[in-house]
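Written below as structure tokens is the structure these notes are about.
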Amino acid sequence: MLFHWVLLSLALFSVGIYGVLTRRNAVGLLISVELMLNAAAINLVVFNRYVAPAQVDGQVMAIFVMALAAAEVLVGMAILVMLFRKRKSADVTKMMGLRH
Amino acid sequence: MNETLFYVLAGLSVFGALATVMTVHILRSAIYLMGVLCLSASFYVLLGAEFLAGIQILVYVGGIVVLLVFAVMLTRSDDLDEDRPTWPRKIVGAVGALSFFSVSAWLLSQSPFAEEKVLETSNVDIKSIGRALLDTGSNGYVLPFEVVSLLLLAVLIAGIVIARKEPQ
């Protein structure tokens with residue numbers, strides 16, 4: 001059963017990699033990163049459940065992953081909205097320089 | 001019973017994730033992501049982590065997806081209304097993702113894990129999670145907990161500073 005659980009989180013993570021490699025829209029890119037973070041959090045809880053069921057370390061780390069995901073999305077969105085105001089585009093392939 | 005439920009939910013979840021990265025409309029992508037995250041909450045329930053399932057709904061579905069939808073609506077541009085990747089990009093993405101998946105799955109099948117007997121009723125409750133988060137001992141997480149609270153404050157300030165209107 002552990003093997004199937006880890007395989008599931010692996011599949012979700014790989015789908016996230018595909019999204020990161022194919023998306024051009026910055027929001028789409030962040031959505032794919034969220035998929036990957038979520039897969040990693042599932043992995044932590046799975047190992048908590050099947051390898052050390054008496055402890056809560058995996059669940060605590062999953063909580064930290066969620067807090068970091070929220071922080072990452074907030075900063076990413078703030079940068080994106082600012083860039084969009086200046087250039088009228090959300091295309092990451094056109095954001096080559098940090099200034100102007 | 002639980003195993004059948006797992007396979008059904010896992011299939012739905014992978015399908016939803018594929019829909020998330022393949023749809024051309026970003027707003028639809030955000031909605032599919034919401035579905036995948038709700039399914040992940042159901043996985044947490046199956047794994048006996050009900051508290052995490054609640055947090056998942058509150059933070060991810062209630063916070064992050066709403067933020068993403070707002071961002072999609074604020075950054076609607078004419079040149080990128082639909083995100084259609086070119087074929088070379090798709091091939092690179094598929095090769096990258098499939099090679100990562102196959103190598104990791106092969107490594108996973110080779111490695112033995114010290115699997116312990118899982119109790120039917122989990123003896124892990126919310127109280128022990130709270131104790132672990134604020135424990136100052138060697139197995140406690142009080143330092144990362146405080147660091148995360150600092151990080152959230154920094155992110156709050158950074159979000160306001162970056163996204164405010166430029167003074168004239």
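Ligands are numbered from 1 in the order shown, residues from 1 within each chain, and chains are lettered A, B, ... in the order they appear in the structure tokens.
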
What are the closest atom pairs, with distances in Å to one decimal, for all residues of range 40-78 of chain A lying within 7 Å of range 159-167 of chain B? Consider only C-alpha atoms, order rows by chain and residue number, and present the result as a tab-separated table.
```
residue	atom	partner	partner_atom	distance
A:Leu74	CA	B:Gly159	CA	6.6
A:Val75	CA	B:Gly159	CA	5.7
A:Ala78	CA	B:Ala163	CA	5.2
```

Chain A residues within 8 Å of chain B, counting only C-alpha atoms: which ones, as a PDB file with N, CA and C atoms, in the first residue's frame?
```
ATOM      1  N   LEU A   2       1.975   1.246   0.770  1.00  0.00           N
ATOM      2  CA  LEU A   2       2.879   2.403   0.797  1.00  0.00           C
ATOM      3  C   LEU A   2       3.378   2.731  -0.602  1.00  0.00           C
ATOM      4  N   PHE A   3       3.725   1.665  -1.362  1.00  0.00           N
ATOM      5  CA  PHE A   3       4.230   1.855  -2.723  1.00  0.00           C
ATOM      6  C   PHE A   3       3.213   2.601  -3.587  1.00  0.00           C
ATOM      7  N   LEU A   7       3.616   6.241  -5.230  1.00  0.00           N
ATOM      8  CA  LEU A   7       3.463   6.329  -6.684  1.00  0.00           C
ATOM      9  C   LEU A   7       2.465   7.428  -7.049  1.00  0.00           C
ATOM     10  N   LEU A   8       1.403   7.541  -6.262  1.00  0.00           N
ATOM     11  CA  LEU A   8       0.409   8.596  -6.529  1.00  0.00           C
ATOM     12  C   LEU A   8       1.040   9.972  -6.392  1.00  0.00           C
ATOM     13  N   LEU A  10       4.104  10.707  -6.617  1.00  0.00           N
ATOM     14  CA  LEU A  10       5.089  10.834  -7.700  1.00  0.00           C
ATOM     15  C   LEU A  10       4.401  11.252  -9.004  1.00  0.00           C
ATOM     16  N   ALA A  11       3.241  10.639  -9.286  1.00  0.00           N
ATOM     17  CA  ALA A  11       2.513  10.983 -10.515  1.00  0.00           C
ATOM     18  C   ALA A  11       2.076  12.442 -10.477  1.00  0.00           C
ATOM     19  N   LEU A  12       1.554  12.895  -9.324  1.00  0.00           N
ATOM     20  CA  LEU A  12       1.116  14.293  -9.224  1.00  0.00           C
ATOM     21  C   LEU A  12       2.305  15.242  -9.404  1.00  0.00           C
ATOM     22  N   SER A  14       5.067  14.633 -11.125  1.00  0.00           N
ATOM     23  CA  SER A  14       5.494  14.630 -12.524  1.00  0.00           C
ATOM     24  C   SER A  14       4.570  15.486 -13.383  1.00  0.00           C
ATOM     25  N   VAL A  15       3.272  15.420 -13.095  1.00  0.00           N
ATOM     26  CA  VAL A  15       2.333  16.274 -13.829  1.00  0.00           C
ATOM     27  C   VAL A  15       2.672  17.742 -13.587  1.00  0.00           C
ATOM     28  N   GLY A  16       3.052  18.063 -12.350  1.00  0.00           N
ATOM     29  CA  GLY A  16       3.468  19.429 -12.047  1.00  0.00           C
ATOM     30  C   GLY A  16       4.707  19.834 -12.836  1.00  0.00           C
ATOM     31  N   ILE A  17       5.664  18.890 -12.987  1.00  0.00           N
ATOM     32  CA  ILE A  17       6.867  19.186 -13.785  1.00  0.00           C
ATOM     33  C   ILE A  17       6.474  19.489 -15.230  1.00  0.00           C
ATOM     34  N   TYR A  18       5.555  18.689 -15.775  1.00  0.00           N
ATOM     35  CA  TYR A  18       5.098  18.942 -17.146  1.00  0.00           C
ATOM     36  C   TYR A  18       4.507  20.353 -17.253  1.00  0.00           C
ATOM     37  N   GLY A  19       3.701  20.734 -16.257  1.00  0.00           N
ATOM     38  CA  GLY A  19       3.101  22.064 -16.284  1.00  0.00           C
ATOM     39  C   GLY A  19       4.147  23.162 -16.230  1.00  0.00           C
ATOM     40  N   VAL A  20       5.149  22.998 -15.368  1.00  0.00           N
ATOM     41  CA  VAL A  20       6.193  24.027 -15.249  1.00  0.00           C
ATOM     42  C   VAL A  20       6.951  24.161 -16.566  1.00  0.00           C
ATOM     43  N   LEU A  21       7.179  23.024 -17.250  1.00  0.00           N
ATOM     44  CA  LEU A  21       7.948  23.087 -18.491  1.00  0.00           C
ATOM     45  C   LEU A  21       7.139  23.601 -19.673  1.00  0.00           C
ATOM     46  N   THR A  22       5.799  23.529 -19.626  1.00  0.00           N
ATOM     47  CA  THR A  22       5.022  23.916 -20.804  1.00  0.00           C
ATOM     48  C   THR A  22       4.321  25.266 -20.668  1.00  0.00           C
ATOM     49  N   ARG A  23       4.001  25.711 -19.464  1.00  0.00           N
ATOM     50  CA  ARG A  23       3.211  26.933 -19.325  1.00  0.00           C
ATOM     51  C   ARG A  23       4.017  28.172 -19.691  1.00  0.00           C
ATOM     52  N   ARG A  24       3.322  29.161 -20.302  1.00  0.00           N
ATOM     53  CA  ARG A  24       3.932  30.467 -20.554  1.00  0.00           C
ATOM     54  C   ARG A  24       3.354  31.519 -19.635  1.00  0.00           C
ATOM     55  N   ASN A  25       2.117  31.305 -19.207  1.00  0.00           N
ATOM     56  CA  ASN A  25       1.469  32.273 -18.324  1.00  0.00           C
ATOM     57  C   ASN A  25       2.021  32.127 -16.902  1.00  0.00           C
ATOM     58  N   VAL A  27       0.721  32.825 -14.027  1.00  0.00           N
ATOM     59  CA  VAL A  27      -0.212  32.237 -13.062  1.00  0.00           C
ATOM     60  C   VAL A  27      -0.275  30.715 -13.264  1.00  0.00           C
ATOM     61  N   GLY A  28      -0.261  30.278 -14.538  1.00  0.00           N
ATOM     62  CA  GLY A  28      -0.254  28.852 -14.813  1.00  0.00           C
ATOM     63  C   GLY A  28       0.972  28.166 -14.247  1.00  0.00           C
ATOM     64  N   ILE A  31       0.464  27.748 -10.589  1.00  0.00           N
ATOM     65  CA  ILE A  31      -0.486  26.661 -10.331  1.00  0.00           C
ATOM     66  C   ILE A  31       0.234  25.312 -10.396  1.00  0.00           C
ATOM     67  N   SER A  32       1.129  25.158 -11.375  1.00  0.00           N
ATOM     68  CA  SER A  32       1.882  23.901 -11.485  1.00  0.00           C
ATOM     69  C   SER A  32       2.798  23.703 -10.278  1.00  0.00           C
ATOM     70  N   LEU A  35       0.817  22.362  -7.488  1.00  0.00           N
ATOM     71  CA  LEU A  35       0.595  20.913  -7.632  1.00  0.00           C
ATOM     72  C   LEU A  35       1.782  20.133  -7.068  1.00  0.00           C
ATOM     73  N   ASN A  38       1.954  20.306  -3.279  1.00  0.00           N
ATOM     74  CA  ASN A  38       0.897  19.497  -2.692  1.00  0.00           C
ATOM     75  C   ASN A  38       1.276  18.016  -2.726  1.00  0.00           C
ATOM     76  N   ILE A  42       1.681  15.425   0.490  1.00  0.00           N
ATOM     77  CA  ILE A  42       1.037  14.110   0.586  1.00  0.00           C
ATOM     78  C   ILE A  42       2.080  13.052   0.933  1.00  0.00           C
ATOM     79  N   VAL A  45       2.972  12.994   4.614  1.00  0.00           N
ATOM     80  CA  VAL A  45       1.938  12.393   5.465  1.00  0.00           C
ATOM     81  C   VAL A  45       1.906  10.872   5.264  1.00  0.00           C
ATOM     82  N   VAL A  46       2.132  10.420   4.011  1.00  0.00           N
ATOM     83  CA  VAL A  46       2.126   8.978   3.741  1.00  0.00           C
ATOM     84  C   VAL A  46       3.225   8.284   4.530  1.00  0.00           C
ATOM     85  N   ARG A  49       2.407   8.014   8.114  1.00  0.00           N
ATOM     86  CA  ARG A  49       1.396   7.007   8.419  1.00  0.00           C
ATOM     87  C   ARG A  49       1.957   5.582   8.374  1.00  0.00           C
ATOM     88  N   TYR A  50       2.842   5.319   7.385  1.00  0.00           N
ATOM     89  CA  TYR A  50       3.228   3.929   7.166  1.00  0.00           C
ATOM     90  C   TYR A  50       4.570   3.565   7.775  1.00  0.00           C
ATOM     91  N   VAL A  51       5.445   4.533   8.023  1.00  0.00           N
ATOM     92  CA  VAL A  51       6.760   4.194   8.567  1.00  0.00           C
ATOM     93  C   VAL A  51       6.848   4.519  10.057  1.00  0.00           C
ATOM     94  N   ALA A  52       6.242   5.641  10.476  1.00  0.00           N
ATOM     95  CA  ALA A  52       6.289   5.997  11.898  1.00  0.00           C
ATOM     96  C   ALA A  52       4.901   6.416  12.364  1.00  0.00           C
ATOM     97  N   PRO A  53       3.974   5.477  12.509  1.00  0.00           N
ATOM     98  CA  PRO A  53       2.581   5.860  12.808  1.00  0.00           C
ATOM     99  C   PRO A  53       2.382   6.451  14.202  1.00  0.00           C
ATOM    100  N   ALA A  54       3.341   6.264  15.106  1.00  0.00           N
ATOM    101  CA  ALA A  54       3.134   6.788  16.457  1.00  0.00           C
ATOM    102  C   ALA A  54       3.531   8.252  16.568  1.00  0.00           C
ATOM    103  N   GLN A  55       4.327   8.753  15.586  1.00  0.00           N
ATOM    104  CA  GLN A  55       4.779  10.139  15.665  1.00  0.00           C
ATOM    105  C   GLN A  55       3.922  11.051  14.775  1.00  0.00           C
ATOM    106  N   VAL A  56       4.134  12.359  14.922  1.00  0.00           N
ATOM    107  CA  VAL A  56       3.378  13.312  14.114  1.00  0.00           C
ATOM    108  C   VAL A  56       4.312  14.165  13.251  1.00  0.00           C
ATOM    109  N   ASP A  57       5.590  13.788  13.140  1.00  0.00           N
ATOM    110  CA  ASP A  57       6.565  14.657  12.466  1.00  0.00           C
ATOM    111  C   ASP A  57       6.161  14.963  11.022  1.00  0.00           C
ATOM    112  N   GLN A  59       3.187  15.043   9.681  1.00  0.00           N
ATOM    113  CA  GLN A  59       2.049  15.972   9.616  1.00  0.00           C
ATOM    114  C   GLN A  59       2.491  17.394   9.932  1.00  0.00           C
ATOM    115  N   VAL A  60       3.400  17.530  10.911  1.00  0.00           N
ATOM    116  CA  VAL A  60       3.895  18.869  11.251  1.00  0.00           C
ATOM    117  C   VAL A  60       4.617  19.475  10.048  1.00  0.00           C
ATOM    118  N   ALA A  62       4.092  18.766   6.933  1.00  0.00           N
ATOM    119  CA  ALA A  62       3.088  19.110   5.918  1.00  0.00           C
ATOM    120  C   ALA A  62       2.460  20.463   6.233  1.00  0.00           C
ATOM    121  N   ILE A  63       2.264  20.754   7.530  1.00  0.00           N
ATOM    122  CA  ILE A  63       1.730  22.077   7.902  1.00  0.00           C
ATOM    123  C   ILE A  63       2.705  23.173   7.485  1.00  0.00           C
ATOM    124  N   PHE A  64       4.025  22.912   7.701  1.00  0.00           N
ATOM    125  CA  PHE A  64       5.021  23.908   7.279  1.00  0.00           C
ATOM    126  C   PHE A  64       4.995  24.088   5.760  1.00  0.00           C
ATOM    127  N   MET A  66       2.470  23.813   3.805  1.00  0.00           N
ATOM    128  CA  MET A  66       1.311  24.643   3.453  1.00  0.00           C
ATOM    129  C   MET A  66       1.586  26.113   3.732  1.00  0.00           C
ATOM    130  N   ALA A  67       2.209  26.409   4.889  1.00  0.00           N
ATOM    131  CA  ALA A  67       2.508  27.807   5.209  1.00  0.00           C
ATOM    132  C   ALA A  67       3.455  28.396   4.170  1.00  0.00           C
ATOM    133  N   LEU A  68       4.464  27.605   3.782  1.00  0.00           N
ATOM    134  CA  LEU A  68       5.428  28.113   2.789  1.00  0.00           C
ATOM    135  C   LEU A  68       4.760  28.291   1.434  1.00  0.00           C
ATOM    136  N   ALA A  70       1.653  29.120   0.883  1.00  0.00           N
ATOM    137  CA  ALA A  70       0.881  30.365   0.939  1.00  0.00           C
ATOM    138  C   ALA A  70       1.803  31.564   0.773  1.00  0.00           C
ATOM    139  N   ALA A  71       2.951  31.541   1.465  1.00  0.00           N
ATOM    140  CA  ALA A  71       3.890  32.656   1.370  1.00  0.00           C
ATOM    141  C   ALA A  71       4.401  32.813  -0.057  1.00  0.00           C
ATOM    142  N   VAL A  73       3.027  31.840  -2.920  1.00  0.00           N
ATOM    143  CA  VAL A  73       2.013  32.351  -3.848  1.00  0.00           C
ATOM    144  C   VAL A  73       1.807  33.843  -3.648  1.00  0.00           C
ATOM    145  N   LEU A  74       1.829  34.294  -2.386  1.00  0.00           N
ATOM    146  CA  LEU A  74       1.573  35.715  -2.143  1.00  0.00           C
ATOM    147  C   LEU A  74       2.656  36.575  -2.780  1.00  0.00           C
ATOM    148  N   VAL A  75       3.933  36.212  -2.544  1.00  0.00           N
ATOM    149  CA  VAL A  75       5.009  37.017  -3.121  1.00  0.00           C
ATOM    150  C   VAL A  75       4.987  36.927  -4.648  1.00  0.00           C
ATOM    151  N   MET A  77       2.452  36.390  -6.652  1.00  0.00           N
ATOM    152  CA  MET A  77       1.345  37.159  -7.202  1.00  0.00           C
ATOM    153  C   MET A  77       1.622  38.651  -7.130  1.00  0.00           C
ATOM    154  N   ALA A  78       2.226  39.104  -6.008  1.00  0.00           N
ATOM    155  CA  ALA A  78       2.527  40.541  -5.884  1.00  0.00           C
ATOM    156  C   ALA A  78       3.497  40.965  -6.981  1.00  0.00           C
ATOM    157  N   ILE A  79       4.556  40.156  -7.209  1.00  0.00           N
ATOM    158  CA  ILE A  79       5.525  40.494  -8.259  1.00  0.00           C
ATOM    159  C   ILE A  79       4.845  40.483  -9.617  1.00  0.00           C
ATOM    160  N   VAL A  81       1.637  40.952 -10.395  1.00  0.00           N
ATOM    161  CA  VAL A  81       0.711  42.069 -10.606  1.00  0.00           C
ATOM    162  C   VAL A  81       1.491  43.356 -10.905  1.00  0.00           C
ATOM    163  N   MET A  82       2.640  43.538 -10.192  1.00  0.00           N
ATOM    164  CA  MET A  82       3.448  44.723 -10.451  1.00  0.00           C
ATOM    165  C   MET A  82       4.031  44.700 -11.866  1.00  0.00           C
ATOM    166  N   PHE A  84       2.858  43.106 -14.400  1.00  0.00           N
ATOM    167  CA  PHE A  84       1.778  43.235 -15.374  1.00  0.00           C
ATOM    168  C   PHE A  84       1.381  44.691 -15.552  1.00  0.00           C
ATOM    169  N   LYS A  88       1.948  45.037 -19.256  1.00  0.00           N
ATOM    170  CA  LYS A  88       0.681  44.574 -19.829  1.00  0.00           C
ATOM    171  C   LYS A  88       0.792  43.151 -20.390  1.00  0.00           C
ATOM    172  N   SER A  89       1.583  42.311 -19.754  1.00  0.00           N
ATOM    173  CA  SER A  89       1.683  40.931 -20.227  1.00  0.00           C
ATOM    174  C   SER A  89       2.009  40.013 -19.053  1.00  0.00           C
ATOM    175  N   ALA A  90       1.440  38.796 -19.085  1.00  0.00           N
ATOM    176  CA  ALA A  90       1.741  37.816 -18.040  1.00  0.00           C
ATOM    177  C   ALA A  90       2.612  36.699 -18.591  1.00  0.00           C
ATOM    178  N   ASP A  91       3.253  36.951 -19.730  1.00  0.00           N
ATOM    179  CA  ASP A  91       4.043  35.922 -20.403  1.00  0.00           C
ATOM    180  C   ASP A  91       5.445  35.877 -19.790  1.00  0.00           C
TER     181      ASP A  91
END
```

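Nearest residue to His4 in chain A, choosing from A:Asn43, A:Asn48, A:Lys86, A:Met95 and counting only C-alpha atoms: A:Asn43.
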
If we count only C-alpha atoms and set the cut-off at 8 Å, which residues sit around Phe13 in chain A, ignoring sequence neighbours fewer than 6 positions away in its own chain? Please answer as a list in words.
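Final neighbour list, sorted by chain and number: Leu35, Met36, Leu37, Ala39 and Ala40 of chain A.
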
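Between CA of Met61 in chain A and CA of Gly35 in chain B there is a distance of 22.9 Å.
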
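Put simply, CA of Val147 in chain B is 20.1 Å away from CA of Leu44 in chain A.
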
Rounded to one decimal, what separation in Å do you get between CA of Ile31 in chain B and CA of Leu9 in chain B?
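Computing the Euclidean distance for CA of Ile31 in chain B and CA of Leu9 in chain B yields 17.4 Å.
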
Among chain B, which ones does DSSP place in helix (DSSP H, G or I), written as a PyMOL selection string?
chain B and resi 2-22+26-46+50-74+87-110+126-133+142-163
